[in-house]
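Participant: Here it is, the structure, as structure tokens.
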Amino acid sequence: MEEIWQEQLRRQKEPFDALWAGRTRVSRRSYLAPLRSHALRVLRVISSLSNGRASSPVWDGVYHNLHQAVSLQSVGLYTDVHGDSQWCRPGYEYDKAISEVKERFVAGQLVFQGAWNAFELAGGALFLTGKSPTTQAVRHKLADGAHQPIYGLREALFEAYQTSKKYIDIKHPAFREALVSGSDLSIAAELLRQFRNGVLHGKIESLEPLDWVPGSEDRSCQKQTELFQAQTRLILFLLQAIIARVEANHEVWFNEGDLVEELVFAL
């Protein structure tokens, strides 16, 4: 009984384990840190800003949302809600395959949404009005002025586009405007805005497995995970850019004497 329980727990953790293990390739032999390591490093910097001494009051909310996303550990779904597939082996195998892909989708959706919420709140730090700005306003602000290059940003942007391009309208005026700006941050913000709207309004659905027989090498689960990995990675870079823009001279509590700016570009 204990072995069955442990196997079930392992299965429920698998979607998040796969998601957080994702690494973005930067060059032939160089990869960014695993997604979870990247998120934890950004979260640690934000924790230093959420103690009330930073210049913007938004960081408590940013920390809460990103921390909640990083805290997610397990999810379990089984799509045969009517119990019909138990009478048919092929039906059972199909429902099992569908369930596994949907688990990857739900895990990715939850982490992405938490990271997106953190980004939306962080965008308010770029403004002095105290009001919640639109994503378009944040995009314009990010495109305004030069910024220190962030290692891996362009590669992460390319990966995010490659995995989500069928959901992205590159002819949309906002996307074209972002391209004309020449700012990777602006393009990233618009790409993520469209992707988030697609998820929020149900236009982006989980993938359909192509094969589900025992021993199948179908990659639907991996592709589903890679989709959300890439978008979440891009959000982390936008958070770094906002932090660097707003809180560059803030001294972090966990590494006395270091400024936020020094750490943000080394994450």
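Ordered as shown in the structure tokens, chains take letters A, B, and onward, while each chain numbers its residues from 1 and ligands are numbered from 1 in the order shown.
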Considering only C-alpha atoms, tabulate each residue of region 60-130 of chain A that lies at most 9 Å from region 194-202 of chain A along with its nearest interatomic pair and the corresponding distance in Å to one decimal; arrange the rows by chain and ascending residue number and present them as CSV.
Facilitator:
```
residue,atom,partner,partner_atom,distance
A:Gln109,CA,A:Val199,CA,7.7
A:Phe112,CA,A:Arg196,CA,8.4
A:Gln113,CA,A:Arg196,CA,7.8
A:Trp116,CA,A:Arg196,CA,7.9
```
Participant: Within 6 Å of Ala21 (chain A), counting only C-alpha atoms, which residues show up once you throw out same-chain ones fewer than 2 positions away? Write them as a VMD selection string, please.
Facilitator: chain A and resid 18 to 19 34 to 35
Participant: Could you turn the residues from that selection into a file that holds C-alpha atoms, as a PDB file, in the first residue's frame?
Facilitator:
```pdb
ATOM      1  CA  ALA A  18       9.347  18.590 -15.394  1.00  0.00           C
ATOM      2  CA  LEU A  19       8.327  22.245 -15.613  1.00  0.00           C
ATOM      3  CA  PRO A  34      16.955  25.450 -14.411  1.00  0.00           C
ATOM      4  CA  LEU A  35      13.715  27.427 -14.334  1.00  0.00           C
TER       5      LEU A  35
END
```
Participant: Name the residues in contact with region 65-76 of chain A at a cut-off of 8 Å, using only C-alpha atoms, excluding same-chain residues fewer than 6 positions from it; report them as a list of chain:residue names.
Facilitator: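 Residues meeting the cut-off are A:Leu9, A:Arg11, A:Gln12, A:Lys13, A:Glu14, A:Pro15, A:Phe16, A:Asp17, A:Arg36, A:Ala39, A:Leu40, A:Leu43, A:Glu103, A:Val106, A:Ala107, A:Leu110, A:Val111, A:Phe112, A:Gln113, A:Gly114, A:Ala115, A:Asn117, A:Ala118.
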Participant: Of the candidates A:Ala33, A:Ala122, A:Ala241, A:Leu227, which one gets nearest to Ser50 (chain A) if we count only C-alpha atoms?
Facilitator: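 Distance minimum relative to Ser50 (chain A) lands on A:Ala122.
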Participant: So that I can check the surroundings of Arg25 (chain A), please list as number ranges by chain every protein, DNA and RNA residue that reaches within 12 Å of it, counting only C-alpha atoms and ignoring chain neighbours fewer than 2 positions away.
Facilitator: A: 22-23, 27-35, 151-160, 230, 233
Participant: Keeping only N, CA, C and O atoms, write the selected residues to a file as an mmCIF file, in the first residue's frame.
Facilitator:
```cif
data_model
loop_
_atom_site.group_PDB
_atom_site.id
_atom_site.type_symbol
_atom_site.label_atom_id
_atom_site.label_comp_id
_atom_site.auth_asym_id
_atom_site.auth_seq_id
_atom_site.Cartn_x
_atom_site.Cartn_y
_atom_site.Cartn_z
ATOM 1 N N GLY A 22 13.273 22.817 -16.584
ATOM 2 C CA GLY A 22 13.563 23.341 -17.914
ATOM 3 C C GLY A 22 14.764 24.254 -17.964
ATOM 4 O O GLY A 22 14.954 25.111 -17.096
ATOM 5 N N ARG A 23 15.600 24.086 -18.993
ATOM 6 C CA ARG A 23 16.793 24.906 -19.183
ATOM 7 C C ARG A 23 16.778 25.491 -20.595
ATOM 8 O O ARG A 23 16.506 24.782 -21.565
ATOM 9 N N SER A 27 23.945 28.879 -25.953
ATOM 10 C CA SER A 27 24.926 28.587 -26.996
ATOM 11 C C SER A 27 25.103 27.076 -27.065
ATOM 12 O O SER A 27 24.396 26.332 -26.378
ATOM 13 N N ARG A 28 26.053 26.631 -27.864
ATOM 14 C CA ARG A 28 26.215 25.199 -28.077
ATOM 15 C C ARG A 28 26.410 24.436 -26.774
ATOM 16 O O ARG A 28 25.879 23.332 -26.598
ATOM 17 N N ARG A 29 27.172 25.003 -25.842
ATOM 18 C CA ARG A 29 27.465 24.308 -24.596
ATOM 19 C C ARG A 29 27.002 25.069 -23.354
ATOM 20 O O ARG A 29 27.382 24.729 -22.246
ATOM 21 N N SER A 30 26.207 26.092 -23.559
ATOM 22 C CA SER A 30 25.798 26.935 -22.429
ATOM 23 C C SER A 30 24.279 26.987 -22.305
ATOM 24 O O SER A 30 23.573 27.199 -23.297
ATOM 25 N N TYR A 31 23.814 26.783 -21.089
ATOM 26 C CA TYR A 31 22.383 26.833 -20.793
ATOM 27 C C TYR A 31 22.133 27.750 -19.605
ATOM 28 O O TYR A 31 23.006 27.912 -18.745
ATOM 29 N N LEU A 32 20.950 28.336 -19.570
ATOM 30 C CA LEU A 32 20.549 29.086 -18.377
ATOM 31 C C LEU A 32 20.269 28.102 -17.245
ATOM 32 O O LEU A 32 20.076 26.911 -17.471
ATOM 33 N N ALA A 33 20.238 28.612 -16.035
ATOM 34 C CA ALA A 33 19.940 27.777 -14.878
ATOM 35 C C ALA A 33 18.556 27.156 -15.041
ATOM 36 O O ALA A 33 17.699 27.691 -15.755
ATOM 37 N N PRO A 34 18.309 26.013 -14.387
ATOM 38 C CA PRO A 34 16.955 25.450 -14.411
ATOM 39 C C PRO A 34 15.924 26.510 -14.009
ATOM 40 O O PRO A 34 16.225 27.397 -13.198
ATOM 41 N N LEU A 35 14.739 26.406 -14.555
ATOM 42 C CA LEU A 35 13.715 27.427 -14.334
ATOM 43 C C LEU A 35 13.462 27.676 -12.846
ATOM 44 O O LEU A 35 13.310 28.822 -12.421
ATOM 45 N N TYR A 151 21.874 38.684 -19.731
ATOM 46 C CA TYR A 151 22.367 37.454 -20.355
ATOM 47 C C TYR A 151 21.239 36.443 -20.529
ATOM 48 O O TYR A 151 20.546 36.103 -19.580
ATOM 49 N N GLY A 152 21.040 35.985 -21.750
ATOM 50 C CA GLY A 152 20.044 34.961 -22.033
ATOM 51 C C GLY A 152 18.678 35.484 -22.416
ATOM 52 O O GLY A 152 17.810 34.697 -22.818
ATOM 53 N N LEU A 153 18.460 36.796 -22.308
ATOM 54 C CA LEU A 153 17.135 37.349 -22.594
ATOM 55 C C LEU A 153 16.713 37.091 -24.033
ATOM 56 O O LEU A 153 15.596 36.636 -24.294
ATOM 57 N N ARG A 154 17.597 37.378 -24.977
ATOM 58 C CA ARG A 154 17.216 37.227 -26.385
ATOM 59 C C ARG A 154 16.922 35.769 -26.723
ATOM 60 O O ARG A 154 15.971 35.468 -27.449
ATOM 61 N N GLU A 155 17.728 34.867 -26.185
ATOM 62 C CA GLU A 155 17.498 33.439 -26.432
ATOM 63 C C GLU A 155 16.177 32.985 -25.817
ATOM 64 O O GLU A 155 15.439 32.188 -26.398
ATOM 65 N N ALA A 156 15.882 33.502 -24.627
ATOM 66 C CA ALA A 156 14.617 33.156 -23.970
ATOM 67 C C ALA A 156 13.429 33.705 -24.760
ATOM 68 O O ALA A 156 12.384 33.052 -24.872
ATOM 69 N N LEU A 157 13.579 34.900 -25.311
ATOM 70 C CA LEU A 157 12.523 35.495 -26.128
ATOM 71 C C LEU A 157 12.278 34.660 -27.381
ATOM 72 O O LEU A 157 11.122 34.393 -27.744
ATOM 73 N N PHE A 158 13.346 34.233 -28.021
ATOM 74 C CA PHE A 158 13.216 33.405 -29.226
ATOM 75 C C PHE A 158 12.521 32.088 -28.886
ATOM 76 O O PHE A 158 11.631 31.643 -29.611
ATOM 77 N N GLU A 159 12.920 31.465 -27.770
ATOM 78 C CA GLU A 159 12.309 30.194 -27.375
ATOM 79 C C GLU A 159 10.829 30.371 -27.050
ATOM 80 O O GLU A 159 9.993 29.538 -27.421
ATOM 81 N N ALA A 160 10.493 31.466 -26.355
ATOM 82 C CA ALA A 160 9.090 31.721 -26.017
ATOM 83 C C ALA A 160 8.253 31.898 -27.279
ATOM 84 O O ALA A 160 7.122 31.406 -27.370
ATOM 85 N N ALA A 230 8.867 28.214 -21.317
ATOM 86 C CA ALA A 230 9.438 29.326 -22.064
ATOM 87 C C ALA A 230 8.768 30.648 -21.704
ATOM 88 O O ALA A 230 9.447 31.673 -21.534
ATOM 89 N N ARG A 233 9.831 31.673 -18.108
ATOM 90 C CA ARG A 233 11.214 32.163 -18.106
ATOM 91 C C ARG A 233 11.262 33.619 -18.554
ATOM 92 O O ARG A 233 11.971 34.451 -17.973
#
```
Participant: Per DSSP on the backbone, what are the alpha helix (DSSP H) residues of region 40-222 of chain A, as JSON, numbers by chain?
Facilitator: {"A": [40, 41, 42, 43, 44, 45, 46, 47, 48, 49, 59, 60, 61, 62, 63, 64, 65, 66, 67, 68, 69, 70, 71, 89, 90, 91, 92, 93, 94, 95, 96, 97, 98, 99, 100, 101, 102, 103, 104, 105, 106, 107, 108, 109, 110, 111, 112, 113, 114, 115, 116, 117, 118, 119, 120, 121, 122, 123, 135, 136, 137, 138, 139, 140, 141, 142, 143, 153, 154, 155, 156, 157, 158, 159, 160, 161, 162, 163, 164, 173, 174, 175, 176, 177, 178, 179, 180, 181, 184, 185, 186, 187, 188, 189, 190, 191, 192, 193, 194, 195, 196, 197, 198, 199, 200, 220, 221, 222]}
Participant: Taking only C-alpha atoms into account, which of A:Val101, A:Leu234, A:Leu126, A:Val81 comes nearest Asp184 (chain A)?
Facilitator: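 Ranked by minimum distance to Asp184 (chain A), first place goes to A:Leu234.
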Participant: Using only C-alpha atoms, find the one residue out of A:Ala244, A:Asp95, A:Glu190, A:His82 that sits nearest to Arg176 (chain A).
Facilitator: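 Of A:Ala244, A:Asp95, A:Glu190, A:His82, the one nearest Arg176 (chain A) is A:Glu190, counting only C-alpha atoms.
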Participant: Return the single residue from A:Leu238, A:Val58, A:Val42, A:Val246 that is closest to Ile150 (chain A), with distances computed using only C-alpha atoms.
Facilitator: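 Distance minimum relative to Ile150 (chain A) lands on A:Leu238.
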Participant: Do you have the CA of Ile46 (chain A)-CA of Gln231 (chain A) distance handy?
Facilitator: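 Those two atoms sit 19.7 Å apart.
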Participant: Quick one: distance from CA of Pro57 (chain A) to CA of Leu191 (chain A) in Å, one decimal?
Facilitator: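 CA of Pro57 (chain A) sits 26.9 Å away from CA of Leu191 (chain A).
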